[in-house]
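Here is the structure we will look at, set down as structure tokens.
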Amino acid sequence: MKKHNVWKAASVKWTKAAMAAALALTLLPPALVSAAEKPAASAAAADRDTALTASSVTSFLDRFFAQEAIQELAPGAAVVVVKNGEVLAEKGYGYADVDSKRKVDPKNDVFRMASVSKTFTAAAIMQLAEQGKIGLDDDIRTYLGGITFDNPFAEPVTVADLLTHRSGFRIQDPRPEDLNPNLKEYVSMKDYIAKYMPDVVREPGTAYMYDNFAFLLLGYIVQQASGTPYETYMEKNVFAPLGMKSSGFLLTDDLKKRAASGYAAGEPVEPYTVRPTVMPQGGMLSTADDISKFMIAFLNEGKTASGAQLLKADTVASMTEYRSAIHPLLPDATYGFEAPSQLPGAGSSSKVITKAGDIPGASSLMFLIPEQDTGVFVVYNQNGGLREQLYAAFIARFFPQYAMPASFPAFTAESPEQLVRYSGLYKDLRVESVVSKVGPGSRGRMVISDPLTGERALQQVAPGLFMDANKLLVAFKTEADGSVSYLKEPYLNPMGYEQKGLKPAGFNDIPSTHPYAQYILNLQSLGYYPNDPNQAFGPEQAVTRAEYIDMLMRTSAIPLSEKKPEFADIQGHPYAAAIQTAYEYGLVSGNAKGMFEPDRPITRQEAAVIIYNSLGGLYPEELLAPVKLSGKTDKWAQSAVKLLVALGYHGPEVKVDKAGAADFQSKKVLTRAENAAINDLLLTSTVTGASHLDDAPADTQGPAA
């Protein structure tokens, strides 16, 4: 089997997810919807009893993993279910390694835990808080030594803010190069944090944004407060008391030997390490059997099987309490856990706490129901939505009370005039290329749309709370003055909020009647142009190749490369890092002399090719065949121009004649106004109904953000 180059493939996939989010045909509603609505379709009459026993859950798991659709999601999976201090079921399904036909052994096979690591880091923080070595309300600067960051707000970033993903930090997710093939490299937490430490850009404690860097800082705080290397602390104070002998944060020879092979698109993933080498937010390795020991202790008020007290009962209780929510049906996070996936009509049950994780070659989910003394953990060796289907099916089968549709008290629905306050563009705090558009619909409803899920109507069911046709909820956060600041939705990124854009001030040379005004104002609202009405925009000004790349990188929210520029003529250029990033992802190339010509005005067909390079693979040539072009387009650009025409990524400058042929004006120079149209449409338009792509295969999906 061909090895899958994980760091390169993950980088390309991630880049396409960011750059091409607006160009995907559709992102189907979560598989959990069908799994939750039809759990009884394959159930025998005897399974109508919801009692959770060793026999019933084993039968349930065997049937679940016997489904062909589930088997296609991952080569192998390990799952364990605990209740009342005992393991009810612990099983492996499929292969830990496909080539050798090694079957999954939940006691022996080691998987990457990904972000399930965060729960264990949180447990360590809470241990040290019990000892008085850490204060949850302390300013984190207390524990960071010489590492500094800017916080323009009066409120400090506290340890509790880190635990609940409300730090207010600028997003600083792991970078593609943090998946590293050099297994001998060592990068310390301190050095990594000092290099990439973000500043605060929102008032701490006010908004939920899933924050990997926050949990890296928490791991470093464990190290600083305990005076012990993080990995050593975890071994002595968490793993050893629990008897977790197959767990660690370093890829030791023993763990490597027992590791399940990871897969991406069915191909094996090459071995890799991570940066920093000890990664508290996602670097843990373990077995399903070891995780069962943690779940049993946590559900037993912190007491381990041997009688040791991992955490005090009060501490455990505090870790099950949700700390923020726009609406009670959509809680955010506890100290170390997050809310479960929404179930149709029910929202996210606050009675359930979960922790999911994804890293190339492994996905995982731990969910606990403390009042039922029940815990489930599943891990599998290929990224995908198996866990959501398992969660929905498990709840529907054994605890249907948590999937019951919510009842909403009577309220006075807002008038169309009042609903206007929700209208606008909302940008995801974590994945800034994810943008939702909210506006008025028919019959007093709201409409929300985005490039991945298309357009869907929202029916108000409570103040600030709306439900779509799939019976999933969208909530809006209202401030004291009545303004709307954030929304939380179920499809694109339920692990955080989307922030409402500013009211655009406009430009002094863009009247409201300007044909490109809306595109320009949308980008101004989202912060890509200065919100100053005294400034001129220059709509007819030509866009240079460098300026075009810079804008594309900014709207795509792609971390810029730190490598030496490939092209000699961009050395020292203000947009050199953006151009180098585009080059590394195969979006641009040099001329015959290896130059980029950054300050040459870009033609419209060149601009089209750069976008095509990021997502041409999503649209086979046969899909573009019906697109007719008029005017002159060079042969090397025809597919790219056809794609932009088919998807409608252009302004009113493109005219279609009576024969249906579009004149893209390919050889003309791109203007600032035209560039605004392209970038706005990349971020906000829905393309599911694009006429030339109606015959797209049903399984064509955009990458999930």
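Residue numbers start at 1 in each chain; chains themselves are named A, B, ... in the order of the structure tokens; ligands are numbered from 1 in the order shown.
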So which residues touch region 648-661 of chain A within 6 Å, counting only C-alpha atoms, skipping near sequence neighbours fewer than 2 positions away, as a ChimeraX atom specification? /A:628-630,644-646,663-664,677-678,681
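Considering only C-alpha atoms, the residue among A:Thr686, A:Gln459, A:Ser525, A:Thr121 positioned nearest to Ile221 (chain A) is A:Thr121.
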Find the residues around Leu670 (chain A) up to 12 Å (only C-alpha atoms counted), leave out those fewer than 4 positions away in its own chain, and share them as a list in words.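 Residues near the query, excluding close chain neighbours: Pro539, Glu540, Gln541, Ala542, Val543, Thr544, Arg545, Glu547, Tyr548, Arg600, Pro601, Ile602, Thr603, Arg604, Gln605, Glu606, Ala607, Ala608, His650, Gly651, Glu653, Phe664, Gln665, Ser666, Glu674, Asn675, Ala676, Ala677 and Ile678 of chain A.
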So that I can check the secondary structure, give me every residue of region 241-453 of chain A assigned strand (DSSP E) by backbone DSSP, as a PyMOL selection string. chain A and resi 263-264+267-268+273-274+285-286+353-359+362-369+374-380+424-428+435-440+446-450
Interatomic distance (Å, one decimal) between CA of Glu301 (chain A) and CA of Met319 (chain A):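 It comes out at 10.9 Å.
By chain and then residue number, the residues within 10 Å of Ser318 (chain A) are Met126, Lys312, Ala313, Arg323, Thr334 and Tyr335 of chain A, counting only C-alpha atoms and disregarding those fewer than 5 positions away in sequence.
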For C-alpha atoms, I'd like the residues from the last selection saved as a PDB file, in the first residue's frame.
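Now in out_34.pdb:
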```pdb
ATOM      1  CA  MET A 126      -7.650  20.605  38.939  1.00  0.00           C
ATOM      2  CA  LYS A 312     -11.924  15.152  45.115  1.00  0.00           C
ATOM      3  CA  ALA A 313     -15.636  14.604  44.688  1.00  0.00           C
ATOM      4  CA  ARG A 323     -19.731  27.457  32.427  1.00  0.00           C
ATOM      5  CA  THR A 334     -16.976  22.643  31.356  1.00  0.00           C
ATOM      6  CA  TYR A 335     -13.512  22.395  32.902  1.00  0.00           C
TER       7      TYR A 335
END
```
Pick out the residues sitting within 7 Å of Gln342 (chain A), and hand them over as a VMD selection string; count only C-alpha atoms, and ignore anything fewer than 6 positions along from it in its own chain. chain A and resid 348 472 490
Given the selection you just returned, output its residues as a file containing all heavy atoms, formatted as an mmCIF file, in the first residue's frame.
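What follows is the written file selection23.cif:
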```
data_model
loop_
_atom_site.group_PDB
_atom_site.id
_atom_site.type_symbol
_atom_site.label_atom_id
_atom_site.label_comp_id
_atom_site.auth_asym_id
_atom_site.auth_seq_id
_atom_site.Cartn_x
_atom_site.Cartn_y
_atom_site.Cartn_z
ATOM 1 N N SER A 348 -28.317 20.204 22.616
ATOM 2 C CA SER A 348 -27.201 19.486 23.244
ATOM 3 C C SER A 348 -27.506 19.317 24.724
ATOM 4 O O SER A 348 -27.602 20.306 25.456
ATOM 5 C CB SER A 348 -25.891 20.262 23.075
ATOM 6 O OG SER A 348 -25.590 20.467 21.720
ATOM 7 N N LEU A 472 -32.507 21.353 14.121
ATOM 8 C CA LEU A 472 -31.298 21.739 14.842
ATOM 9 C C LEU A 472 -31.364 23.228 15.131
ATOM 10 O O LEU A 472 -31.974 24.007 14.399
ATOM 11 C CB LEU A 472 -30.055 21.383 14.038
ATOM 12 C CG LEU A 472 -29.875 19.891 13.725
ATOM 13 C CD1 LEU A 472 -28.556 19.648 13.013
ATOM 14 C CD2 LEU A 472 -29.966 19.033 14.979
ATOM 15 N N PRO A 490 -25.022 24.638 14.315
ATOM 16 C CA PRO A 490 -24.680 23.227 14.496
ATOM 17 C C PRO A 490 -23.839 22.571 13.418
ATOM 18 O O PRO A 490 -23.408 21.436 13.600
ATOM 19 C CB PRO A 490 -26.070 22.561 14.521
ATOM 20 C CG PRO A 490 -26.887 23.400 13.588
ATOM 21 C CD PRO A 490 -26.378 24.811 13.754
#
```
Determine, counting only C-alpha atoms, which protein, DNA and RNA residues have an atom within 7 Å of an atom of Asp532 (chain A); residues of the same chain fewer than 3 positions away are not included. Present the result as a PyMOL selection string. chain A and resi 505-507+535
Using only C-alpha atoms, which of the listed residues (A:Phe239, A:Phe408, A:Tyr380, A:Phe398) sits closest to Tyr93 (chain A)?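 Between A:Phe239, A:Phe408, A:Tyr380, A:Phe398, the residue approaching Tyr93 (chain A) most closely is A:Tyr380.
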Here is a test: counting only C-alpha atoms, which residue of A:Gln389, A:Asn531, A:Ser341, A:Asn470 is nearest to Ala69 (chain A)?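 Using only C-alpha atoms, the shortest distance to Ala69 (chain A) belongs to A:Gln389.
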